[in-house]
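Below is one structure; the comments refer to it alone.
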Amino acid sequence: MNVLVFCIISAFFWLQVDSLTYLEKVQTCIKREGATKDQAADLALGDFKDTDRKVKCFANCFLEESGVVANGQIKPDAVLAKLGPIAGEAKVKKVQAKCDSIKGADKCDTSYLLYKCYNENRAKF
């Protein structure tokens with residue numbers, strides 16, 4: 001799957017940035033974490049079958065680069081600032097109440113689980 005498709009699909013969900021900046025973040029994280037383009041695209045499409053460490057660390061890198069996670073901790077204010085204008089603050093806060101307390105075995109696992117939770121609850125936006 002094309003990385004550009006990955007960018008378009010998930011940009012509406014996490015970020016309000018121009019596609020070049022977004023693409024740079026995706027490419028940086030693919031390179032840094034060793035995930036494949038297909039793994040990154042599958043994650044963006046909501047396919048969570050691949051639990052390879054590289055995928056989980058890609059999720060962490062991407063969320064850190066996006067400013068919504070730092071050192072394995074969700075930044076609720078940053079999430080609300082990014083998603084609130086798109087989905088409405090009340091709806092975002094409901095999903096935050098469900099997802100933001102998730103903790104994994106390490107920061108990569110935590111970010112992967114957070115990404116999965118937000119993805120699974122995006123219909124509530």
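Within each chain, counting starts at residue 1; across the structure tokens, chains are named A, B, ... in the order shown, with ligands numbered 1 upward in that order.
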How close does each residue of range 24-44 of chain A get to range 95-112 of chain A, giving the shortest atom pair and distance in Å to one decimal for every residue with an atom at most 12 Å away, counting only C-alpha atoms, sorted by chain and residue number, as a tab-separated table?
residue	atom	partner	partner_atom	distance
A:Glu33	CA	A:Cys108	CA	10.4
A:Ala40	CA	A:Tyr112	CA	11.6
A:Leu43	CA	A:Tyr112	CA	9.2
A:Ala44	CA	A:Tyr112	CA	11.3
Going by DSSP on the backbone, which bits of chain A are strand (DSSP E or B)? Write them as a short mmCIF file (atom, residue, chain, number, x, y, z; two decimals) with all heavy atoms, in the first residue's frame, please.
data_model
loop_
_atom_site.label_atom_id
_atom_site.label_comp_id
_atom_site.auth_asym_id
_atom_site.auth_seq_id
_atom_site.Cartn_x
_atom_site.Cartn_y
_atom_site.Cartn_z
N VAL A 69 1.85 12.27 22.32
CA VAL A 69 2.45 11.35 23.29
C VAL A 69 3.87 11.84 23.56
O VAL A 69 4.56 12.31 22.65
CB VAL A 69 2.49 9.90 22.74
CG1 VAL A 69 3.37 9.00 23.59
CG2 VAL A 69 1.09 9.32 22.66
N ALA A 70 4.28 11.74 24.82
CA ALA A 70 5.66 12.06 25.19
C ALA A 70 6.12 11.06 26.24
O ALA A 70 5.43 10.85 27.25
CB ALA A 70 5.77 13.48 25.74
N GLN A 73 3.60 8.64 27.52
CA GLN A 73 2.43 9.19 28.21
C GLN A 73 1.59 10.02 27.23
O GLN A 73 2.12 10.86 26.52
CB GLN A 73 2.87 10.12 29.36
CG GLN A 73 3.72 9.44 30.42
CD GLN A 73 2.92 8.45 31.25
OE1 GLN A 73 1.79 8.71 31.61
NE2 GLN A 73 3.53 7.31 31.53
N ILE A 74 0.30 9.76 27.24
CA ILE A 74 -0.62 10.55 26.42
C ILE A 74 -0.66 11.98 26.94
O ILE A 74 -0.53 12.22 28.13
CB ILE A 74 -2.04 9.92 26.40
CG1 ILE A 74 -2.92 10.57 25.33
CG2 ILE A 74 -2.71 10.02 27.75
CD1 ILE A 74 -2.74 10.02 23.97
#
Looking at only C-alpha atoms, which of A:Lys75, A:Lys82, A:Asn121, A:Ser66 is the one that sits closest to Lys94 in chain A? A:Asn121
Distance of CA of Lys93 in chain A from CA of Lys54 in chain A, expressed in Å to one decimal place: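 A separation of 29.5 Å between them.
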Residues within 12 Å of Lys31 in chain A, only C-alpha atoms, excluding chain neighbours under 3 positions, as a PyMOL selection string: chain A and resi 24-28+34-37+40+54-55+57-58+61-62
Output the selection as a tab-separated table (two decimals), in the first residue's frame - C-alpha atoms for each residue.
chain	number	residue	atom	x	y	z
A	24	GLU	CA	7.93	13.50	6.61
A	25	LYS	CA	6.75	12.24	10.02
A	26	VAL	CA	5.62	8.94	8.54
A	27	GLN	CA	8.86	8.45	6.63
A	28	THR	CA	10.97	9.43	9.64
A	34	GLY	CA	12.30	-0.30	10.85
A	35	ALA	CA	8.63	-0.82	10.07
A	36	THR	CA	7.67	-1.40	6.46
A	37	LYS	CA	5.44	0.93	4.49
A	40	ALA	CA	2.43	1.51	8.60
A	54	LYS	CA	8.50	-2.45	14.91
A	55	VAL	CA	4.82	-1.64	14.32
A	57	CYS	CA	7.39	1.47	17.99
A	58	PHE	CA	6.28	3.07	14.71
A	61	CYS	CA	7.27	7.45	17.08
A	62	PHE	CA	4.37	8.78	15.02
